[in-house]
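File shown here: data-v2.pdb, holding PDB, C-alpha atoms.
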ATOM      1  CA  MET A   1       0.000   0.000   0.000  1.00  0.00           C
ATOM      2  CA  ARG A   2       3.005   2.302   0.350  1.00  0.00           C
ATOM      3  CA  ALA A   3       3.956   2.288  -3.343  1.00  0.00           C
ATOM      4  CA  PRO A   4       0.975   4.347  -4.559  1.00  0.00           C
ATOM      5  CA  ARG A   5       1.609   6.887  -1.819  1.00  0.00           C
ATOM      6  CA  LEU A   6       5.263   7.172  -2.812  1.00  0.00           C
ATOM      7  CA  VAL A   7       4.277   7.705  -6.460  1.00  0.00           C
ATOM      8  CA  ILE A   8       1.778  10.394  -5.529  1.00  0.00           C
ATOM      9  CA  GLY A   9       4.355  12.081  -3.283  1.00  0.00           C
ATOM     10  CA  ALA A  10       6.984  12.079  -6.026  1.00  0.00           C
ATOM     11  CA  ALA A  11       4.515  13.535  -8.527  1.00  0.00           C
ATOM     12  CA  TRP A  12       3.564  16.300  -6.089  1.00  0.00           C
ATOM     13  CA  LEU A  13       7.223  17.202  -5.503  1.00  0.00           C
ATOM     14  CA  ALA A  14       7.857  17.308  -9.258  1.00  0.00           C
ATOM     15  CA  ALA A  15       4.865  19.574  -9.841  1.00  0.00           C
ATOM     16  CA  THR A  16       6.013  21.879  -7.043  1.00  0.00           C
ATOM     17  CA  ALA A  17       9.480  22.101  -8.565  1.00  0.00           C
ATOM     18  CA  VAL A  18       8.031  22.986 -11.986  1.00  0.00           C
ATOM     19  CA  LEU A  19       5.858  25.728 -10.492  1.00  0.00           C
ATOM     20  CA  ALA A  20       8.821  27.115  -8.558  1.00  0.00           C
ATOM     21  CA  ALA A  21      10.904  27.203 -11.729  1.00  0.00           C
ATOM     22  CA  CYS A  22       8.153  29.032 -13.614  1.00  0.00           C
ATOM     23  CA  SER A  23       7.759  31.551 -10.813  1.00  0.00           C
ATOM     24  CA  SER A  24      11.476  32.257 -10.630  1.00  0.00           C
ATOM     25  CA  GLY A  25      11.570  32.929 -14.365  1.00  0.00           C
ATOM     26  CA  ALA A  26       8.718  35.465 -14.332  1.00  0.00           C
ATOM     27  CA  PRO A  27       9.789  38.916 -15.555  1.00  0.00           C
ATOM     28  CA  GLU A  28      10.198  41.636 -12.978  1.00  0.00           C
ATOM     29  CA  PRO A  29       7.528  44.345 -13.116  1.00  0.00           C
ATOM     30  CA  GLN A  30       8.745  47.438 -14.909  1.00  0.00           C
ATOM     31  CA  ALA A  31       9.031  50.669 -12.959  1.00  0.00           C
ATOM     32  CA  GLU A  32       6.649  53.352 -14.132  1.00  0.00           C
ATOM     33  CA  GLU A  33       8.308  56.319 -15.833  1.00  0.00           C
ATOM     34  CA  THR A  34       7.497  59.589 -14.073  1.00  0.00           C
ATOM     35  CA  GLU A  35      10.343  61.938 -15.027  1.00  0.00           C
ATOM     36  CA  ILE A  36       9.294  64.819 -17.272  1.00  0.00           C
ATOM     37  CA  PRO A  37      11.891  65.985 -19.833  1.00  0.00           C
ATOM     38  CA  ASP A  38      13.168  69.519 -19.207  1.00  0.00           C
ATOM     39  CA  GLU A  39      12.100  70.776 -22.623  1.00  0.00           C
ATOM     40  CA  ILE A  40       8.493  69.867 -21.825  1.00  0.00           C
ATOM     41  CA  ALA A  41       8.502  70.887 -18.158  1.00  0.00           C
ATOM     42  CA  GLN A  42       9.921  74.317 -19.026  1.00  0.00           C
ATOM     43  CA  ALA A  43       7.713  74.954 -22.069  1.00  0.00           C
ATOM     44  CA  PRO A  44       5.236  77.772 -21.326  1.00  0.00           C
ATOM     45  CA  LEU A  45       1.556  76.958 -21.042  1.00  0.00           C
ATOM     46  CA  PRO A  46      -1.045  79.156 -22.752  1.00  0.00           C
ATOM     47  CA  ALA A  47      -2.016  82.208 -20.719  1.00  0.00           C
ATOM     48  CA  ILE A  48      -5.612  81.945 -19.518  1.00  0.00           C
ATOM     49  CA  GLU A  49      -6.906  85.421 -18.753  1.00  0.00           C
ATOM     50  CA  GLY A  50      -9.903  86.536 -16.754  1.00  0.00           C
ATOM     51  CA  GLU A  51     -10.109  83.339 -14.665  1.00  0.00           C
ATOM     52  CA  ASP A  52      -9.662  84.969 -11.242  1.00  0.00           C
ATOM     53  CA  SER A  53     -12.582  87.376 -11.507  1.00  0.00           C
ATOM     54  CA  LEU A  54     -14.985  85.127  -9.590  1.00  0.00           C
ATOM     55  CA  GLY A  55     -14.566  82.177  -7.261  1.00  0.00           C
ATOM     56  CA  THR A  56     -11.428  80.363  -6.172  1.00  0.00           C
ATOM     57  CA  PRO A  57      -8.206  81.896  -7.509  1.00  0.00           C
ATOM     58  CA  LEU A  58      -6.829  79.979 -10.458  1.00  0.00           C
ATOM     59  CA  ALA A  59      -3.696  78.818  -8.625  1.00  0.00           C
ATOM     60  CA  GLU A  60      -5.808  77.136  -5.896  1.00  0.00           C
ATOM     61  CA  ARG A  61      -8.124  75.139  -8.140  1.00  0.00           C
ATOM     62  CA  VAL A  62      -7.640  71.390  -8.574  1.00  0.00           C
ATOM     63  CA  ALA A  63      -8.636  69.536 -11.723  1.00  0.00           C
ATOM     64  CA  THR A  64      -9.242  65.795 -11.810  1.00  0.00           C
ATOM     65  CA  ILE A  65      -8.290  64.384 -15.203  1.00  0.00           C
ATOM     66  CA  GLY A  66      -9.146  60.846 -16.293  1.00  0.00           C
ATOM     67  CA  LEU A  67      -6.518  58.897 -18.248  1.00  0.00           C
ATOM     68  CA  ILE A  68      -6.925  55.450 -19.794  1.00  0.00           C
ATOM     69  CA  ASN A  69      -4.467  53.274 -21.680  1.00  0.00           C
ATOM     70  CA  LYS A  70      -6.628  51.534 -24.255  1.00  0.00           C
ATOM     71  CA  ARG A  71      -4.063  48.775 -24.787  1.00  0.00           C
ATOM     72  CA  ASN A  72      -4.324  47.364 -21.273  1.00  0.00           C
ATOM     73  CA  ASN A  73      -7.560  49.100 -20.178  1.00  0.00           C
ATOM     74  CA  ILE A  74      -5.825  50.597 -17.119  1.00  0.00           C
ATOM     75  CA  SER A  75      -7.334  53.913 -16.075  1.00  0.00           C
ATOM     76  CA  ARG A  76      -6.444  56.367 -13.354  1.00  0.00           C
ATOM     77  CA  ASP A  77      -7.389  59.776 -11.983  1.00  0.00           C
ATOM     78  CA  ILE A  78      -4.755  62.515 -12.075  1.00  0.00           C
ATOM     79  CA  GLU A  79      -5.148  65.581  -9.858  1.00  0.00           C
ATOM     80  CA  LEU A  80      -3.375  68.739 -11.029  1.00  0.00           C
ATOM     81  CA  LYS A  81      -3.276  72.407 -10.173  1.00  0.00           C
ATOM     82  CA  PRO A  82      -2.877  74.941 -13.011  1.00  0.00           C
ATOM     83  CA  GLY A  83       0.740  74.994 -14.114  1.00  0.00           C
ATOM     84  CA  GLU A  84       1.422  71.406 -13.015  1.00  0.00           C
ATOM     85  CA  ALA A  85       2.243  68.372 -15.165  1.00  0.00           C
ATOM     86  CA  ARG A  86       2.199  64.628 -14.541  1.00  0.00           C
ATOM     87  CA  ARG A  87       3.871  61.830 -16.490  1.00  0.00           C
ATOM     88  CA  VAL A  88       2.558  58.261 -16.663  1.00  0.00           C
ATOM     89  CA  ASP A  89       5.012  56.178 -18.697  1.00  0.00           C
ATOM     90  CA  ASP A  90       4.736  57.511 -22.266  1.00  0.00           C
ATOM     91  CA  VAL A  91       2.133  60.238 -21.729  1.00  0.00           C
ATOM     92  CA  ILE A  92       2.375  63.632 -20.027  1.00  0.00           C
ATOM     93  CA  ILE A  93      -0.676  65.644 -18.952  1.00  0.00           C
ATOM     94  CA  ARG A  94      -0.189  69.405 -18.442  1.00  0.00           C
ATOM     95  CA  LEU A  95      -2.871  71.655 -16.956  1.00  0.00           C
ATOM     96  CA  ALA A  96      -3.159  75.338 -17.831  1.00  0.00           C
ATOM     97  CA  SER A  97      -6.536  76.027 -16.228  1.00  0.00           C
ATOM     98  CA  CYS A  98      -9.797  74.574 -15.002  1.00  0.00           C
ATOM     99  CA  GLU A  99     -13.170  76.228 -14.466  1.00  0.00           C
ATOM    100  CA  ARG A 100     -16.831  75.504 -13.892  1.00  0.00           C
ATOM    101  CA  THR A 101     -19.868  77.685 -14.248  1.00  0.00           C
ATOM    102  CA  PRO A 102     -21.369  79.117 -11.036  1.00  0.00           C
ATOM    103  CA  PRO A 103     -24.173  77.034  -9.512  1.00  0.00           C
ATOM    104  CA  TRP A 104     -26.744  79.720 -10.362  1.00  0.00           C
ATOM    105  CA  GLU A 105     -25.974  79.557 -14.111  1.00  0.00           C
ATOM    106  CA  ASN A 106     -27.308  77.069 -16.636  1.00  0.00           C
ATOM    107  CA  PRO A 107     -26.325  74.911 -18.352  1.00  0.00           C
ATOM    108  CA  PRO A 108     -23.653  73.608 -15.965  1.00  0.00           C
ATOM    109  CA  LEU A 109     -20.241  73.215 -17.546  1.00  0.00           C
ATOM    110  CA  THR A 110     -16.940  71.972 -16.147  1.00  0.00           C
ATOM    111  CA  GLY A 111     -13.848  72.405 -18.270  1.00  0.00           C
ATOM    112  CA  ALA A 112     -10.071  72.206 -18.192  1.00  0.00           C
ATOM    113  CA  PHE A 113      -7.430  73.461 -20.594  1.00  0.00           C
ATOM    114  CA  VAL A 114      -4.960  70.616 -20.947  1.00  0.00           C
ATOM    115  CA  GLN A 115      -2.061  69.606 -23.113  1.00  0.00           C
ATOM    116  CA  VAL A 116      -1.354  65.949 -23.860  1.00  0.00           C
ATOM    117  CA  VAL A 117       2.183  64.989 -24.880  1.00  0.00           C
ATOM    118  CA  VAL A 118       2.978  61.415 -25.950  1.00  0.00           C
ATOM    119  CA  GLN A 119       6.296  59.673 -26.532  1.00  0.00           C
ATOM    120  CA  GLU A 120       5.999  57.628 -29.707  1.00  0.00           C
ATOM    121  CA  ARG A 121       7.575  56.835 -33.064  1.00  0.00           C
ATOM    122  CA  ALA A 122       6.552  58.851 -36.117  1.00  0.00           C
ATOM    123  CA  GLU A 123       6.952  55.677 -38.169  1.00  0.00           C
ATOM    124  CA  ALA A 124       8.225  52.131 -37.741  1.00  0.00           C
ATOM    125  CA  GLY A 125      11.949  52.058 -37.024  1.00  0.00           C
ATOM    126  CA  ALA A 126      12.160  55.734 -36.118  1.00  0.00           C
ATOM    127  CA  ASP A 127      13.417  56.999 -32.750  1.00  0.00           C
ATOM    128  CA  LEU A 128      11.006  57.724 -29.943  1.00  0.00           C
ATOM    129  CA  GLN A 129      10.035  61.386 -29.778  1.00  0.00           C
ATOM    130  CA  TRP A 130       7.762  63.487 -27.583  1.00  0.00           C
ATOM    131  CA  ARG A 131       4.862  64.870 -29.600  1.00  0.00           C
ATOM    132  CA  ARG A 132       2.032  67.110 -28.431  1.00  0.00           C
ATOM    133  CA  VAL A 133      -1.173  65.456 -29.583  1.00  0.00           C
ATOM    134  CA  PHE A 134      -3.696  67.812 -27.972  1.00  0.00           C
ATOM    135  CA  SER A 135      -3.896  71.341 -26.607  1.00  0.00           C
ATOM    136  CA  GLY A 136      -7.242  72.867 -25.726  1.00  0.00           C
ATOM    137  CA  TRP A 137     -10.340  72.818 -23.543  1.00  0.00           C
ATOM    138  CA  LEU A 138     -12.012  69.556 -22.556  1.00  0.00           C
ATOM    139  CA  TYR A 139     -15.493  69.458 -21.004  1.00  0.00           C
ATOM    140  CA  LYS A 140     -17.084  67.037 -18.598  1.00  0.00           C
ATOM    141  CA  GLU A 141     -20.682  67.662 -19.677  1.00  0.00           C
ATOM    142  CA  ALA A 142     -19.897  68.032 -23.392  1.00  0.00           C
ATOM    143  CA  PRO A 143     -17.048  65.628 -24.206  1.00  0.00           C
ATOM    144  CA  ALA A 144     -17.771  65.764 -27.945  1.00  0.00           C
ATOM    145  CA  VAL A 145     -16.885  69.464 -28.184  1.00  0.00           C
ATOM    146  CA  ASN A 146     -13.170  68.592 -28.099  1.00  0.00           C
ATOM    147  CA  VAL A 147     -11.710  65.098 -28.217  1.00  0.00           C
ATOM    148  CA  VAL A 148      -8.205  63.755 -27.647  1.00  0.00           C
ATOM    149  CA  GLU A 149      -7.718  61.673 -30.770  1.00  0.00           C
ATOM    150  CA  HIS A 150      -5.017  59.096 -30.079  1.00  0.00           C
ATOM    151  CA  PRO A 151      -4.937  55.326 -30.708  1.00  0.00           C
ATOM    152  CA  VAL A 152      -3.568  54.467 -27.246  1.00  0.00           C
ATOM    153  CA  TYR A 153      -4.581  57.144 -24.744  1.00  0.00           C
ATOM    154  CA  ASP A 154      -7.890  58.767 -23.904  1.00  0.00           C
ATOM    155  CA  VAL A 155      -8.065  61.840 -21.668  1.00  0.00           C
ATOM    156  CA  TRP A 156     -11.134  63.542 -20.220  1.00  0.00           C
ATOM    157  CA  VAL A 157     -12.163  65.970 -17.468  1.00  0.00           C
ATOM    158  CA  LYS A 158     -13.839  64.612 -14.334  1.00  0.00           C
ATOM    159  CA  ASP A 159     -13.940  67.653 -12.043  1.00  0.00           C
ATOM    160  CA  CYS A 160     -12.653  71.126 -11.257  1.00  0.00           C
ATOM    161  CA  ALA A 161     -12.599  71.679  -7.499  1.00  0.00           C
ATOM    162  CA  MET A 162     -13.308  75.336  -6.794  1.00  0.00           C
ATOM    163  CA  ARG A 163     -15.876  77.382  -4.901  1.00  0.00           C
ATOM    164  CA  PHE A 164     -17.899  80.499  -5.461  1.00  0.00           C
ATOM    165  CA  PRO A 165     -19.069  83.153  -2.974  1.00  0.00           C
ATOM    166  CA  GLY A 166     -21.736  81.614  -0.753  1.00  0.00           C
ATOM    167  CA  GLU A 167     -20.453  78.064  -1.127  1.00  0.00           C
ATOM    168  CA  GLU A 168     -18.934  76.543   1.993  1.00  0.00           C
ATOM    169  CA  GLU A 169     -17.346  73.566   0.231  1.00  0.00           C
ATOM    170  CA  PRO A 170     -16.157  72.929  -3.345  1.00  0.00           C
ATOM    171  CA  VAL A 171     -19.097  71.663  -5.361  1.00  0.00           C
ATOM    172  CA  ALA A 172     -18.778  68.805  -7.853  1.00  0.00           C
ATOM    173  CA  ARG A 173     -21.248  68.748 -10.709  1.00  0.00           C
ATOM    174  CA  PRO A 174     -23.898  65.993 -10.533  1.00  0.00           C
ATOM    175  CA  THR A 175     -23.415  63.237 -13.072  1.00  0.00           C
ATOM    176  CA  GLY A 176     -25.950  62.409 -15.734  1.00  0.00           C
ATOM    177  CA  SER A 177     -26.880  66.004 -16.515  1.00  0.00           C
ATOM    178  CA  SER A 178     -28.867  66.195 -19.723  1.00  0.00           C
ATOM    179  CA  ALA A 179     -28.030  69.836 -20.289  1.00  0.00           C
ATOM    180  CA  ALA A 180     -25.463  70.660 -22.943  1.00  0.00           C
ATOM    181  CA  PRO A 181     -24.122  73.979 -24.229  1.00  0.00           C
ATOM    182  CA  ALA A 182     -25.924  75.131 -27.352  1.00  0.00           C
ATOM    183  CA  ALA A 183     -23.275  77.652 -28.379  1.00  0.00           C
ATOM    184  CA  PRO A 184     -19.762  78.786 -27.462  1.00  0.00           C
ATOM    185  CA  ALA A 185     -21.314  81.499 -25.265  1.00  0.00           C
ATOM    186  CA  ALA A 186     -22.135  78.864 -22.653  1.00  0.00           C
ATOM    187  CA  ALA A 187     -18.448  78.076 -22.165  1.00  0.00           C
ATOM    188  CA  PRO A 188     -16.153  79.488 -19.458  1.00  0.00           C
ATOM    189  CA  SER A 189     -14.846  83.022 -19.782  1.00  0.00           C
ATOM    190  CA  PRO A 190     -13.057  83.669 -23.104  1.00  0.00           C
ATOM    191  CA  ALA A 191      -9.431  84.703 -23.079  1.00  0.00           C
ATOM    192  CA  ALA A 192      -7.389  87.066 -25.193  1.00  0.00           C
ATOM    193  CA  ASN A 193      -5.133  84.233 -26.321  1.00  0.00           C
ATOM    194  CA  PRO A 194      -6.766  82.641 -29.412  1.00  0.00           C
ATOM    195  CA  GLU A 195      -5.636  79.194 -28.293  1.00  0.00           C
ATOM    196  CA  ALA A 196      -7.342  79.666 -24.935  1.00  0.00           C
ATOM    197  CA  ALA A 197     -10.360  81.633 -26.131  1.00  0.00           C
ATOM    198  CA  ALA A 198     -14.010  80.579 -25.844  1.00  0.00           C
ATOM    199  CA  PRO A 199     -13.742  76.942 -24.789  1.00  0.00           C
ATOM    200  CA  ALA A 200     -16.167  75.584 -27.344  1.00  0.00           C
ATOM    201  CA  SER A 201     -14.007  76.966 -30.151  1.00  0.00           C
ATOM    202  CA  ALA A 202     -10.679  75.809 -28.754  1.00  0.00           C
ATOM    203  CA  ALA A 203      -8.640  73.820 -31.253  1.00  0.00           C
ATOM    204  CA  ALA A 204      -8.365  70.131 -30.593  1.00  0.00           C
ATOM    205  CA  ASP A 205      -4.692  70.076 -31.608  1.00  0.00           C
ATOM    206  CA  THR A 206      -2.539  73.179 -31.708  1.00  0.00           C
TER     207      THR A 206
END
Will you turn the file into structure tokens for me?
Amino acid sequence: MRAPRLVIGAAWLAATAVLAACSSGAPEPQAEETEIPDEIAQAPLPAIEGEDSLGTPLAERVATIGLINKRNNISRDIELKPGEARRVDDVIIRLASCERTPPWENPPLTGAFVQVVVQERAEAGADLQWRRVFSGWLYKEAPAVNVVEHPVYDVWVKDCAMRFPGEEEPVARPTGSSAAPAAPAAAPSPAANPEAAAPASAAADT
């Protein structure tokens, strides 16, 4: 009766050894790239004028930007203040401004002026280069107004944390709003800079 037990024991030890060998040969997880090249970090962002006239000063606002890698379906939320940038591997998100309409105005609109810079090859065999693929306003309630067109990355606005006189806490817009801007006049305050002018007319790639 001992022979079957010895056979089973030997088979179990062999299977354990195979699994251990497979585990030891697994590739180490790659560290995520977070360093922003100097030429991008030092590049000036578009000047957004007239943003401090009402509500939280521009420098104190916090935008929440959604980023998804469509190759692996990994998404994350990136929080930025105006003037800040964040790198996630081969994509850099830069924030120039964020704004939302006051709670007493309709339709509600939450927007952010962002730049998206991606490290990629212009063609097969070419060297990797940083290329700006988007620069303009993105809107939470009207995502079709401007779209980041890229085969790998999708970027969208989720919130702009700021407050207006009479508000005790920053107010986030309710989801599922059916209201949408009918014309550029419903967008945040226009700026003198053509690139950062009326949000609805901002270029999708400058």
Atomic separation - CA of Val147 (chain A) relative to CA of Val88 (chain A), Å =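 Taking CA of Val88 (chain A) as the start and CA of Val147 (chain A) as the end point, the length is 19.6 Å.
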Quote the spacing between CA of Arg100 (chain A) and CA of Ser135 (chain A) in Å to one decimal place.
->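 It comes out at 18.6 Å.
Coordinates place CA of Ala85 (chain A) at a distance of 16.1 Å from CA of Leu138 (chain A).
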Residue with the minimum atom-to-atom distance to Lys158 (chain A), picked from A:Gly66, A:Gly125, A:Pro103, A:Gly55 with only C-alpha atoms counted, is A:Gly66
Using only C-alpha atoms, pick whichever of A:Asn72, A:Ser97, A:Thr56, A:Thr34 has the shortest atom-to-atom distance to Gln115 (chain A).
-> A:Ser97
Might you spell out which residues the PyMOL selection byres ((chain A and resi 139) around 6) would select in the displayed file, as a ChimeraX atom specification?
-> /A:110-111,138,140-143,157
Of the residues A:Arg163, A:Arg71, A:Arg94, A:Arg132, which is the one nearest to Leu58 (chain A), using only C-alpha atoms?
->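 Among the listed residues, the smallest separation from Leu58 (chain A) belongs to A:Arg163.
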Nearest to Ala161 (chain A) by atom-to-atom distance, counting all atoms listed in the file, from A:Ala126, A:Val116, A:Val133, A:Val62 =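 Of A:Ala126, A:Val116, A:Val133, A:Val62, the one nearest Ala161 (chain A) is A:Val62, counting all atoms listed in the file.
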